[in-house]
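Novice: See run.txt below, with compact mmCIF, C-alpha atoms and all ligand atoms.
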```txt
# COMPACT_ATOMS: atom_id res chain seq x y z
CA MET A 21 25.53 -224.78 -183.46
CA GLU A 22 23.06 -227.11 -185.13
CA GLN A 23 20.23 -225.22 -186.81
CA PRO A 24 16.66 -226.23 -185.87
CA SER A 25 14.68 -227.86 -188.67
CA ARG A 26 12.80 -225.52 -190.94
CA PRO A 27 9.25 -224.55 -189.97
CA VAL A 28 6.20 -225.88 -191.77
CA LEU A 29 3.78 -223.61 -193.63
CA PHE A 30 0.15 -223.98 -192.53
CA ASP A 31 -3.14 -222.27 -193.10
CA PHE A 32 -3.90 -219.73 -190.39
CA HIS A 33 -7.36 -218.13 -190.73
CA GLY A 34 -6.93 -218.28 -194.52
CA VAL A 35 -3.32 -217.01 -194.64
CA SER A 36 -0.21 -219.21 -194.93
CA MET A 37 1.99 -218.74 -191.88
CA THR A 38 4.66 -220.45 -189.79
CA LYS A 39 4.69 -220.89 -186.02
CA TYR A 40 7.21 -218.08 -185.60
CA PHE A 41 4.49 -215.59 -186.47
CA THR A 42 1.46 -217.23 -184.87
CA ASP A 43 2.75 -218.66 -181.55
CA ASN A 44 2.38 -215.29 -179.83
CA TRP A 45 -0.98 -214.52 -181.42
CA ASP A 46 -2.99 -213.48 -178.36
CA ASN A 47 -0.25 -211.13 -177.17
CA VAL A 48 0.07 -209.67 -180.67
CA GLN A 49 -3.66 -209.14 -180.97
CA ASN A 50 -3.79 -207.54 -177.51
CA PHE A 51 -0.82 -205.28 -178.23
CA LYS A 52 -1.45 -201.72 -177.06
CA ALA A 53 -0.56 -199.32 -179.85
CA ARG A 54 0.01 -195.67 -178.97
CA PRO A 55 -0.99 -192.60 -180.97
CA ASP A 56 2.66 -191.63 -181.48
CA ASP A 57 3.78 -195.07 -182.75
CA VAL A 58 4.89 -195.44 -186.35
CA LEU A 59 3.87 -198.76 -187.90
CA LEU A 60 5.91 -199.88 -190.89
CA ALA A 61 4.04 -202.58 -192.77
CA SER A 62 4.91 -204.54 -195.90
CA PHE A 63 4.74 -207.92 -197.53
CA PRO A 64 8.13 -209.62 -196.99
CA LYS A 65 10.99 -208.40 -199.20
CA ALA A 66 9.43 -205.06 -200.19
CA GLY A 67 12.11 -202.87 -198.61
CA ASN A 68 11.00 -202.84 -194.97
CA THR A 69 14.60 -202.81 -193.69
CA TRP A 70 15.44 -199.89 -195.95
CA VAL A 71 12.55 -197.74 -194.72
CA SER A 72 13.08 -198.86 -191.08
CA TYR A 73 16.59 -197.51 -191.26
CA VAL A 74 15.41 -194.26 -192.85
CA LEU A 75 12.89 -193.81 -190.04
CA ASP A 76 15.36 -194.69 -187.33
CA LEU A 77 17.82 -192.12 -188.71
CA LEU A 78 15.16 -189.44 -189.07
CA TYR A 79 14.01 -189.83 -185.49
CA PHE A 80 17.10 -190.89 -183.63
CA SER A 81 20.37 -190.22 -185.45
CA GLN A 82 20.91 -187.02 -183.44
CA MET A 83 20.21 -188.82 -180.18
CA SER A 84 23.32 -190.94 -179.71
CA ALA A 85 26.07 -192.37 -181.83
CA THR A 86 26.03 -195.50 -179.67
CA ARG A 87 22.59 -196.41 -180.93
CA GLN A 88 23.78 -196.28 -184.53
CA ASP A 89 27.05 -198.10 -183.86
CA SER A 90 26.05 -200.83 -181.45
CA VAL A 91 22.33 -201.56 -181.51
CA PRO A 92 21.21 -203.81 -184.39
CA LEU A 93 18.35 -202.36 -186.41
CA HIS A 94 16.03 -205.25 -185.54
CA GLU A 95 16.28 -204.21 -181.87
CA ARG A 96 15.61 -200.56 -182.68
CA VAL A 97 12.65 -201.49 -184.86
CA PRO A 98 11.09 -204.60 -183.29
CA PHE A 99 9.11 -207.05 -185.42
CA LEU A 100 5.65 -207.09 -183.84
CA GLU A 101 4.46 -210.63 -184.59
CA LEU A 102 7.81 -212.45 -184.32
CA LEU A 103 8.31 -215.06 -181.63
CA MET A 104 11.56 -216.89 -182.10
CA PRO A 105 12.55 -219.43 -179.45
CA GLY A 106 16.20 -219.49 -178.40
CA ILE A 107 18.41 -218.30 -175.61
CA PRO A 108 17.00 -215.76 -174.91
CA SER A 109 13.87 -216.02 -177.02
CA VAL A 110 12.91 -213.04 -179.15
CA SER A 111 9.39 -211.68 -178.88
CA GLY A 112 8.50 -208.57 -180.84
CA VAL A 113 5.79 -207.68 -178.34
CA ASP A 114 8.18 -207.93 -175.37
CA GLU A 115 10.82 -205.88 -177.16
CA LEU A 116 8.27 -203.21 -178.01
CA ASN A 117 6.99 -203.06 -174.47
CA LYS A 118 10.56 -202.57 -173.25
CA LEU A 119 11.40 -199.75 -175.68
CA THR A 120 12.05 -196.46 -173.92
CA THR A 121 12.40 -194.30 -177.05
CA SER A 122 9.54 -192.46 -178.66
CA PRO A 123 8.14 -192.83 -181.20
CA ARG A 124 8.27 -196.59 -181.32
CA ILE A 125 8.94 -197.69 -184.89
CA ILE A 126 7.24 -201.04 -185.37
CA LYS A 127 7.86 -203.54 -188.16
CA THR A 128 5.09 -205.83 -189.35
CA HIS A 129 4.37 -208.11 -192.29
CA LEU A 130 0.76 -208.72 -191.24
CA PRO A 131 -1.96 -208.49 -193.86
CA VAL A 132 -4.16 -205.52 -193.00
CA HIS A 133 -6.99 -207.58 -191.52
CA PHE A 134 -4.60 -209.15 -188.97
CA VAL A 135 -3.37 -205.83 -187.58
CA PRO A 136 -4.19 -205.57 -183.85
CA LYS A 137 -7.29 -203.46 -183.28
CA SER A 138 -5.56 -200.93 -181.02
CA PHE A 139 -3.82 -199.53 -184.12
CA TRP A 140 -7.21 -198.58 -185.56
CA GLU A 141 -8.35 -197.19 -182.20
CA GLN A 142 -5.21 -195.15 -181.47
CA ASN A 143 -4.71 -194.06 -185.07
CA PRO A 144 -0.89 -193.83 -185.22
CA LYS A 145 0.86 -193.11 -188.51
CA ILE A 146 1.21 -196.17 -190.72
CA ILE A 147 3.60 -196.56 -193.64
CA TYR A 148 3.06 -199.38 -196.10
CA VAL A 149 5.86 -200.29 -198.52
CA ALA A 150 5.01 -202.25 -201.65
CA ARG A 151 7.27 -203.78 -204.31
CA ASN A 152 6.34 -205.30 -207.64
CA ALA A 153 5.40 -208.97 -207.50
CA LYS A 154 8.14 -210.29 -209.77
CA ASP A 155 11.07 -208.75 -207.88
CA THR A 156 9.41 -209.61 -204.58
CA ALA A 157 9.17 -213.27 -205.62
CA VAL A 158 12.84 -213.38 -206.63
CA SER A 159 14.00 -211.66 -203.45
CA TYR A 160 11.80 -213.95 -201.35
CA PHE A 161 13.20 -217.05 -203.06
CA HIS A 162 16.79 -216.12 -202.19
CA PHE A 163 15.75 -215.11 -198.69
CA ASP A 164 14.09 -218.46 -198.06
CA ARG A 165 17.23 -220.21 -199.30
CA MET A 166 19.39 -218.41 -196.74
CA ASN A 167 16.95 -218.07 -193.83
CA THR A 168 16.81 -221.29 -191.81
CA ALA A 169 13.74 -219.97 -189.98
CA GLN A 170 11.71 -220.03 -193.21
CA PRO A 171 10.25 -223.09 -194.98
CA GLU A 172 12.47 -224.75 -197.59
CA PRO A 173 11.97 -222.85 -200.85
CA GLY A 174 12.54 -225.82 -203.19
CA ASP A 175 13.63 -224.93 -206.71
CA TRP A 176 12.80 -221.60 -208.38
CA SER A 177 10.06 -222.97 -210.57
CA SER A 178 8.13 -224.63 -207.72
CA PHE A 179 8.69 -221.56 -205.53
CA LEU A 180 7.23 -219.28 -208.19
CA GLN A 181 4.24 -221.55 -208.50
CA ARG A 182 3.63 -221.31 -204.77
CA PHE A 183 4.05 -217.54 -204.90
CA ILE A 184 1.30 -217.40 -207.52
CA GLU A 185 -0.90 -219.61 -205.33
CA GLY A 186 -0.29 -217.36 -202.30
CA LYS A 187 1.43 -220.13 -200.39
CA MET A 188 4.12 -217.93 -198.92
CA VAL A 189 4.74 -216.97 -195.30
CA PHE A 190 2.28 -214.06 -194.80
CA GLY A 191 0.12 -215.39 -197.59
CA SER A 192 -0.72 -214.00 -200.97
CA TRP A 193 1.25 -210.98 -202.23
CA TYR A 194 -1.81 -210.04 -204.29
CA ASP A 195 -4.16 -210.00 -201.28
CA HIS A 196 -1.57 -208.22 -199.14
CA VAL A 197 -0.86 -205.26 -201.42
CA ARG A 198 -4.53 -204.93 -202.36
CA GLY A 199 -5.80 -205.20 -198.80
CA TRP A 200 -3.54 -202.37 -197.65
CA TRP A 201 -4.28 -200.30 -200.78
CA ASP A 202 -8.01 -200.56 -200.12
CA LYS A 203 -7.55 -199.63 -196.47
CA LYS A 204 -5.47 -196.61 -197.46
CA GLN A 205 -8.36 -195.23 -199.56
CA THR A 206 -10.32 -194.51 -196.38
CA SER A 207 -7.47 -193.85 -193.91
CA SER A 208 -5.55 -190.59 -194.04
CA ASN A 209 -3.02 -191.98 -191.55
CA ILE A 210 -1.63 -194.49 -194.10
CA LEU A 211 1.16 -193.58 -196.51
CA TYR A 212 1.61 -196.09 -199.35
CA LEU A 213 5.18 -196.12 -200.66
CA PHE A 214 6.62 -198.04 -203.61
CA TYR A 215 10.08 -199.62 -203.62
CA GLU A 216 10.45 -198.67 -207.28
CA ASP A 217 9.81 -195.00 -206.48
CA MET A 218 12.44 -195.08 -203.75
CA ILE A 219 14.98 -196.55 -206.16
CA GLU A 220 14.07 -193.99 -208.79
CA ASP A 221 14.33 -190.95 -206.53
CA THR A 222 15.17 -191.56 -202.89
CA GLU A 223 15.23 -187.86 -202.08
CA ARG A 224 11.73 -187.26 -203.43
CA GLU A 225 10.32 -190.20 -201.46
CA LEU A 226 12.16 -189.10 -198.33
CA SER A 227 10.47 -185.71 -198.65
CA ARG A 228 7.06 -187.38 -199.01
CA LEU A 229 7.79 -189.45 -195.95
CA CYS A 230 8.86 -186.42 -193.91
CA SER A 231 5.83 -184.37 -194.86
CA PHE A 232 3.55 -187.29 -193.96
CA LEU A 233 5.26 -187.64 -190.58
CA GLY A 234 5.34 -183.89 -189.97
CA LEU A 235 9.15 -183.86 -189.82
CA SER A 236 11.30 -181.07 -191.23
CA PRO A 237 14.92 -182.22 -191.25
CA THR A 238 17.56 -179.77 -192.48
CA ALA A 239 18.95 -180.21 -195.99
CA GLU A 240 22.20 -181.39 -194.41
CA MET A 241 20.43 -184.03 -192.37
CA LYS A 242 18.48 -185.26 -195.37
CA LYS A 243 21.74 -185.59 -197.26
CA GLN A 244 23.24 -187.63 -194.45
CA VAL A 245 20.23 -189.95 -194.28
CA ILE A 246 20.29 -190.52 -198.04
CA GLU A 247 24.00 -191.30 -197.93
CA LYS A 248 23.64 -193.75 -195.04
CA VAL A 249 20.77 -195.66 -196.64
CA LEU A 250 22.45 -196.18 -200.01
CA PHE A 251 22.37 -199.89 -200.83
CA ASN A 252 26.16 -200.23 -200.83
CA ASN A 253 26.50 -198.41 -197.51
CA MET A 254 23.78 -200.42 -195.83
CA ARG A 255 25.32 -203.58 -197.21
CA LYS A 256 28.57 -202.81 -195.37
CA ASN A 257 26.87 -201.79 -192.13
CA GLN A 258 26.75 -204.74 -189.70
CA MET A 259 23.98 -203.09 -187.67
CA VAL A 260 21.55 -203.14 -190.61
CA ASN A 261 22.72 -205.80 -193.08
CA GLY A 262 21.41 -208.85 -191.22
CA SER A 263 24.85 -210.30 -190.53
CA LEU A 264 24.16 -210.41 -186.77
CA ASP A 265 21.05 -212.52 -187.27
CA GLU A 266 21.89 -216.12 -186.42
CA VAL A 267 19.21 -217.71 -188.57
CA LEU A 268 20.58 -216.14 -191.77
CA ASP A 269 23.20 -218.13 -193.68
CA PHE A 270 25.34 -215.69 -195.64
CA LYS A 271 27.23 -218.54 -197.27
CA ILE A 272 24.08 -219.15 -199.32
CA SER A 273 23.08 -215.57 -200.15
CA PRO A 274 23.47 -212.09 -198.62
CA PHE A 275 20.43 -210.46 -196.98
CA MET A 276 21.17 -207.23 -198.85
CA ARG A 277 21.32 -209.07 -202.14
CA LYS A 278 20.93 -206.84 -205.25
CA GLY A 279 18.70 -203.92 -204.29
CA LYS A 280 17.45 -203.39 -207.85
CA VAL A 281 14.28 -203.10 -209.89
CA GLY A 282 14.09 -205.72 -212.65
CA ASP A 283 16.30 -208.51 -211.33
CA TRP A 284 13.32 -210.80 -212.07
CA ARG A 285 14.47 -210.78 -215.71
CA ASN A 286 17.46 -212.87 -214.65
CA HIS A 287 15.17 -215.51 -213.13
CA PHE A 288 11.89 -215.78 -215.05
CA THR A 289 11.88 -217.90 -218.20
CA ILE A 290 9.74 -216.60 -221.08
CA ALA A 291 7.11 -219.24 -220.33
CA GLN A 292 7.08 -218.43 -216.60
CA ASN A 293 6.72 -214.74 -217.41
CA GLU A 294 3.77 -215.35 -219.72
CA GLN A 295 2.00 -217.57 -217.22
CA PHE A 296 2.68 -215.07 -214.43
CA ASP A 297 1.36 -212.10 -216.44
CA GLU A 298 -1.80 -213.89 -217.42
CA ASP A 299 -2.57 -214.90 -213.87
CA TYR A 300 -1.58 -211.41 -212.59
CA LYS A 301 -4.17 -209.75 -214.81
CA LYS A 302 -6.89 -211.89 -213.26
CA LYS A 303 -5.81 -211.37 -209.67
CA MET A 304 -5.22 -207.63 -210.07
CA LYS A 305 -8.32 -206.73 -212.05
CA ASN A 306 -10.72 -204.18 -210.55
CA THR A 307 -7.99 -202.23 -208.84
CA ASN A 308 -6.17 -199.04 -209.78
CA LEU A 309 -3.07 -200.23 -207.90
CA GLU A 310 -0.22 -200.32 -210.41
CA PHE A 311 3.37 -201.46 -210.15
CA ARG A 312 6.43 -200.91 -212.29
CA THR A 313 8.55 -203.97 -212.97
CA VAL A 314 11.24 -202.02 -214.85
CA LEU A 315 12.41 -198.43 -214.56
S1 LIG B 1 12.34 -208.54 -194.98
O1 LIG B 1 13.27 -209.63 -194.62
O2 LIG B 1 11.07 -209.08 -195.47
O3 LIG B 1 12.15 -207.55 -193.94
O4 LIG B 1 13.04 -207.86 -196.24
P1 LIG B 1 12.89 -206.34 -196.71
O5 LIG B 1 13.82 -205.52 -195.93
O6 LIG B 1 11.47 -205.94 -196.75
O7 LIG B 1 13.38 -206.44 -198.23
C1 LIG B 1 14.68 -206.84 -198.57
C2 LIG B 1 14.95 -206.35 -199.98
O8 LIG B 1 15.17 -204.93 -199.93
C3 LIG B 1 16.45 -204.65 -200.47
N1 LIG B 1 17.03 -203.45 -199.85
C4 LIG B 1 17.40 -202.36 -200.55
N2 LIG B 1 17.28 -202.05 -201.85
C5 LIG B 1 17.77 -200.85 -202.26
N3 LIG B 1 18.38 -199.97 -201.42
C6 LIG B 1 18.51 -200.24 -200.11
N4 LIG B 1 19.10 -199.38 -199.31
C7 LIG B 1 17.99 -201.48 -199.61
N5 LIG B 1 17.95 -202.07 -198.40
C8 LIG B 1 17.37 -203.26 -198.56
C9 LIG B 1 17.24 -205.91 -200.16
O9 LIG B 1 18.45 -205.95 -200.87
C10 LIG B 1 16.22 -206.96 -200.55
O10 LIG B 1 16.02 -207.02 -201.97
P2 LIG B 1 16.84 -207.95 -202.98
O11 LIG B 1 16.15 -207.82 -204.30
O12 LIG B 1 16.79 -209.34 -202.44
O13 LIG B 1 18.23 -207.40 -203.03
```
Written as structure tokens, how would this file's structure read?

Specialist:
Amino acid sequence: MEQPSRPVLFDFHGVSMTKYFTDNWDNVQNFKARPDDVLLASFPKAGNTWVSYVLDLLYFSQMSATRQDSVPLHERVPFLELLMPGIPSVSGVDELNKLTTSPRIIKTHLPVHFVPKSFWEQNPKIIYVARNAKDTAVSYFHFDRMNTAQPEPGDWSSFLQRFIEGKMVFGSWYDHVRGWWDKKQTSSNILYLFYEDMIEDTERELSRLCSFLGLSPTAEMKKQVIEKVLFNNMRKNQMVNGSLDEVLDFKISPFMRKGKVGDWRNHFTIAQNEQFDEDYKKKMKNTNLEFRTVL
């Protein structure tokens, strides 16, 4: 099947976006959140799929084996703002409204100020996952190479430049992580997780997640979840590794690519790293939000 041409990036109320995330805007903004929803937010490539799968297992792995074996993760955890034309077209809002399971686990990449207001009225639990800028940029570059529904990434050096300028789908990484960090300071219903912490000690972060959600899985269940969400196990699992997604071209790069902290060192030149660090200091001044780029 011939792939549609790649979407164009445009400015949408001050944030770079493509039509796939703005065409359903009114329905997204009018979405009715519920108090028992769980919203999983992140800038792209921060580990959203990883945490989605953790949440799905925590809530539903006891429910039915069929769900785990035959329902792709993106159907279990719909992507709120996505509207992808096709046969049939995929609308995150429609999928969410059709979900019969509770809680609804909802994926979003929206910057905090774009989150539909019902989330702030209904006050469901919100988990934000953040990943250091350098690894995010590298992961995003390879994702844009293999995802035909994303703008053309160009070469690494021009991509990195655009990352620094915030001209990525969903805008500036710097604004995104800071916006959510600031919101978290006044909202007890937001848990801010770091990809690097999850790599360092998945069990510890799983416990944090469970205590935030008020869940008390048995030690055996925790062990099973940790085993299932190991990078190499997820990579082999067709239901979670993106291989059922038609817009992803695995001949170019896998969706589950490296799953590491520090892969940026294989991409950044010394000069790019220096320029990046200098600019980073300016953009991230006046915040106590800190990331680790190596472990
Ligand atoms: S997306 O498309 O924006 O929703 O992508 P997202 O899922 O947020 O991020 C994809 C990156 O997360 C890595 N990943 C993992 N790392 C470690 N362990 C596990 N289990 C895991 N699952 C996903 C995935 O490989 C992408 O990172 P890179 O660096 O490209 O490998």

Novice: Produce as a PDB file with C-alpha atoms, keeping the file's coordinate frame the set of residues near ligand LIG 1 (chain B), where near means within 6 Å with only C-alpha atoms and all ligand atoms considered.

Specialist:
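Resulting contents of pocket_26.pdb:
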```pdb
ATOM      1  CA  PRO A  64       8.130-209.620-196.990  1.00  0.00           C
ATOM      2  CA  LYS A  65      10.990-208.400-199.200  1.00  0.00           C
ATOM      3  CA  ALA A  66       9.430-205.060-200.190  1.00  0.00           C
ATOM      4  CA  GLY A  67      12.110-202.870-198.610  1.00  0.00           C
ATOM      5  CA  ASN A  68      11.000-202.840-194.970  1.00  0.00           C
ATOM      6  CA  THR A  69      14.600-202.810-193.690  1.00  0.00           C
ATOM      7  CA  TRP A  70      15.440-199.890-195.950  1.00  0.00           C
ATOM      8  CA  SER A 159      14.000-211.660-203.450  1.00  0.00           C
ATOM      9  CA  VAL A 249      20.770-195.660-196.640  1.00  0.00           C
ATOM     10  CA  LEU A 250      22.450-196.180-200.010  1.00  0.00           C
ATOM     11  CA  PHE A 251      22.370-199.890-200.830  1.00  0.00           C
ATOM     12  CA  MET A 254      23.780-200.420-195.830  1.00  0.00           C
ATOM     13  CA  MET A 276      21.170-207.230-198.850  1.00  0.00           C
ATOM     14  CA  ARG A 277      21.320-209.070-202.140  1.00  0.00           C
ATOM     15  CA  LYS A 278      20.930-206.840-205.250  1.00  0.00           C
ATOM     16  CA  GLY A 279      18.700-203.920-204.290  1.00  0.00           C
ATOM     17  CA  LYS A 280      17.450-203.390-207.850  1.00  0.00           C
TER      18      LYS A 280
END
```

Novice: Compile the contact shell of Arg312 (chain A) as a tab-separated table (two decimals) with C-alpha atoms, in the frame of the given file: residues with an atom at most 10 Å away, counting only C-alpha atoms, same-chain residues fewer than 4 positions apart removed.

Specialist:
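Just written: around_34.tsv:
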```
chain	number	residue	atom	x	y	z
A	151	ARG	CA	7.27	-203.78	-204.31
A	152	ASN	CA	6.34	-205.30	-207.64
A	153	ALA	CA	5.40	-208.97	-207.50
A	154	LYS	CA	8.14	-210.29	-209.77
A	214	PHE	CA	6.62	-198.04	-203.61
A	215	TYR	CA	10.08	-199.62	-203.62
A	216	GLU	CA	10.45	-198.67	-207.28
A	217	ASP	CA	9.81	-195.00	-206.48
A	281	VAL	CA	14.28	-203.10	-209.89
A	282	GLY	CA	14.09	-205.72	-212.65
```

Novice: How many Å lie between CA of Ile272 (chain A) and CA of Phe99 (chain A), rounded to one decimal?

Specialist: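 Spanning CA of Ile272 (chain A) to CA of Phe99 (chain A) is a straight-line distance of 23.7 Å.
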
Novice: Just the number, please: distance in Å from CA of Lys187 (chain A) to CA of Gly34 (chain A), one decimal.

Specialist: 10.4 Å

Novice: Show which residues sit within 9 Å of Ser192 (chain A), as a list in words. Count only C-alpha atoms, and ignore same-chain residues fewer than 6 positions away.

Specialist: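 Listing them by chain and then by number gives Val35, Ser36, Phe63, Phe183, Ile184, Glu185 and Gly186 of chain A.
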
Novice: Between A:Asp56, A:Asp155, A:Glu294, A:Asp221, which has the minimum distance to Asn143 (chain A) (counting all atoms listed in the file)?

Specialist: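 So, comparing all the options, the nearest one is A:Asp56.
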
Novice: Considering all atoms listed in the file, can you say which of A:Val97, A:Leu130, A:Leu78, A:Leu59 comes closest to Lys243 (chain A)?

Specialist: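 Of A:Val97, A:Leu130, A:Leu78, A:Leu59, the one nearest Lys243 (chain A) is A:Leu78, counting all atoms listed in the file.
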
Novice: For a quick check of understanding, using all atoms listed in the file, which of A:Ala291, A:Leu235, A:Ile146, A:Cys230 has the smallest distance to Arg124 (chain A)?

Specialist: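 Residue with the minimum atom-to-atom distance to Arg124 (chain A): A:Ile146.
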
Novice: Given all atoms listed in the file as the basis, pick out the residue of A:Asn50, A:Gln244, A:Asn257, A:Gln295 nearest to Leu77 (chain A).

Specialist: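 Counting all atoms listed in the file, the residue closest to Leu77 (chain A) is A:Gln244.
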
Novice: With all atoms listed in the file as the counted atoms, please give the residues lying no more than 10 Å from Arg198 (chain A), apart from itself and same-chain residues fewer than 4 positions off, as an MDAnalysis selection string.

Specialist: chainID A and resid 131:132 150 192:194 202:204 303:304 307:309

Novice: So what do you get for CA of His33 (chain A) versus CA of Val189 (chain A), distance-wise?

Specialist: 13.0 Å

Novice: Pick from A:Leu119, A:Ile290, A:Leu213, A:Leu103: nearest to Trp201 (chain A), with only C-alpha atoms counted?

Specialist: A:Leu213

Novice: Just checking: using only C-alpha atoms, which residue out of A:Phe161, A:Tyr40, A:Tyr212, A:Phe275 ends up closest to Leu229 (chain A)?

Specialist: A:Tyr212

Novice: Rebuild all heavy atoms on region 242-249 of chain A, as a PDB file, in the frame of the given file?

Specialist:
```pdb
ATOM      1  N   LYS A 242      19.043-184.427-194.303  1.00  0.00           N
ATOM      2  CA  LYS A 242      18.480-185.260-195.370  1.00  0.00           C
ATOM      3  C   LYS A 242      19.600-185.904-196.182  1.00  0.00           C
ATOM      4  O   LYS A 242      19.532-187.082-196.547  1.00  0.00           O
ATOM      5  CB  LYS A 242      17.620-184.412-196.301  1.00  0.00           C
ATOM      6  CG  LYS A 242      16.192-184.259-195.846  1.00  0.00           C
ATOM      7  CD  LYS A 242      15.416-183.664-197.005  1.00  0.00           C
ATOM      8  CE  LYS A 242      14.004-183.365-196.659  1.00  0.00           C
ATOM      9  NZ  LYS A 242      13.291-182.671-197.714  1.00  0.00           N
ATOM     10  N   LYS A 243      20.596-185.089-196.484  1.00  0.00           N
ATOM     11  CA  LYS A 243      21.740-185.590-197.260  1.00  0.00           C
ATOM     12  C   LYS A 243      22.419-186.750-196.534  1.00  0.00           C
ATOM     13  O   LYS A 243      22.755-187.776-197.131  1.00  0.00           O
ATOM     14  CB  LYS A 243      22.736-184.435-197.471  1.00  0.00           C
ATOM     15  CG  LYS A 243      23.411-184.464-198.820  1.00  0.00           C
ATOM     16  CD  LYS A 243      24.232-183.211-199.039  1.00  0.00           C
ATOM     17  CE  LYS A 243      25.693-183.616-198.899  1.00  0.00           C
ATOM     18  NZ  LYS A 243      26.612-182.505-198.760  1.00  0.00           N
ATOM     19  N   GLN A 244      22.583-186.573-195.239  1.00  0.00           N
ATOM     20  CA  GLN A 244      23.240-187.630-194.450  1.00  0.00           C
ATOM     21  C   GLN A 244      22.415-188.911-194.443  1.00  0.00           C
ATOM     22  O   GLN A 244      22.953-190.008-194.560  1.00  0.00           O
ATOM     23  CB  GLN A 244      23.416-187.171-193.003  1.00  0.00           C
ATOM     24  CG  GLN A 244      24.580-186.220-192.811  1.00  0.00           C
ATOM     25  CD  GLN A 244      24.611-185.626-191.405  1.00  0.00           C
ATOM     26  OE1 GLN A 244      23.900-186.081-190.506  1.00  0.00           O
ATOM     27  NE2 GLN A 244      25.419-184.593-191.220  1.00  0.00           N
ATOM     28  N   VAL A 245      21.097-188.753-194.296  1.00  0.00           N
ATOM     29  CA  VAL A 245      20.230-189.950-194.280  1.00  0.00           C
ATOM     30  C   VAL A 245      20.344-190.668-195.626  1.00  0.00           C
ATOM     31  O   VAL A 245      20.561-191.893-195.685  1.00  0.00           O
ATOM     32  CB  VAL A 245      18.760-189.560-193.982  1.00  0.00           C
ATOM     33  CG1 VAL A 245      17.833-190.753-194.174  1.00  0.00           C
ATOM     34  CG2 VAL A 245      18.619-189.007-192.568  1.00  0.00           C
ATOM     35  N   ILE A 246      20.245-189.906-196.708  1.00  0.00           N
ATOM     36  CA  ILE A 246      20.290-190.520-198.040  1.00  0.00           C
ATOM     37  C   ILE A 246      21.604-191.267-198.253  1.00  0.00           C
ATOM     38  O   ILE A 246      21.637-192.379-198.779  1.00  0.00           O
ATOM     39  CB  ILE A 246      20.033-189.458-199.137  1.00  0.00           C
ATOM     40  CG1 ILE A 246      18.572-189.025-199.073  1.00  0.00           C
ATOM     41  CG2 ILE A 246      20.364-189.993-200.527  1.00  0.00           C
ATOM     42  CD1 ILE A 246      18.236-187.820-199.902  1.00  0.00           C
ATOM     43  N   GLU A 247      22.677-190.680-197.796  1.00  0.00           N
ATOM     44  CA  GLU A 247      24.000-191.300-197.930  1.00  0.00           C
ATOM     45  C   GLU A 247      24.053-192.620-197.125  1.00  0.00           C
ATOM     46  O   GLU A 247      24.490-193.657-197.627  1.00  0.00           O
ATOM     47  CB  GLU A 247      25.034-190.283-197.412  1.00  0.00           C
ATOM     48  CG  GLU A 247      26.463-190.755-197.351  1.00  0.00           C
ATOM     49  CD  GLU A 247      27.108-190.879-198.719  1.00  0.00           C
ATOM     50  OE1 GLU A 247      26.585-190.267-199.671  1.00  0.00           O
ATOM     51  OE2 GLU A 247      28.113-191.612-198.817  1.00  0.00           O
ATOM     52  N   LYS A 248      23.565-192.569-195.906  1.00  0.00           N
ATOM     53  CA  LYS A 248      23.640-193.750-195.040  1.00  0.00           C
ATOM     54  C   LYS A 248      22.789-194.907-195.562  1.00  0.00           C
ATOM     55  O   LYS A 248      23.129-196.072-195.356  1.00  0.00           O
ATOM     56  CB  LYS A 248      23.181-193.400-193.624  1.00  0.00           C
ATOM     57  CG  LYS A 248      24.174-192.528-192.878  1.00  0.00           C
ATOM     58  CD  LYS A 248      24.073-192.781-191.382  1.00  0.00           C
ATOM     59  CE  LYS A 248      25.225-192.187-190.620  1.00  0.00           C
ATOM     60  NZ  LYS A 248      25.014-190.828-190.143  1.00  0.00           N
ATOM     61  N   VAL A 249      21.670-194.580-196.225  1.00  0.00           N
ATOM     62  CA  VAL A 249      20.770-195.660-196.640  1.00  0.00           C
ATOM     63  C   VAL A 249      21.020-196.133-198.076  1.00  0.00           C
ATOM     64  O   VAL A 249      20.244-196.940-198.606  1.00  0.00           O
ATOM     65  CB  VAL A 249      19.278-195.297-196.442  1.00  0.00           C
ATOM     66  CG1 VAL A 249      19.007-194.870-195.009  1.00  0.00           C
ATOM     67  CG2 VAL A 249      18.810-194.239-197.426  1.00  0.00           C
TER      68      VAL A 249
END
```
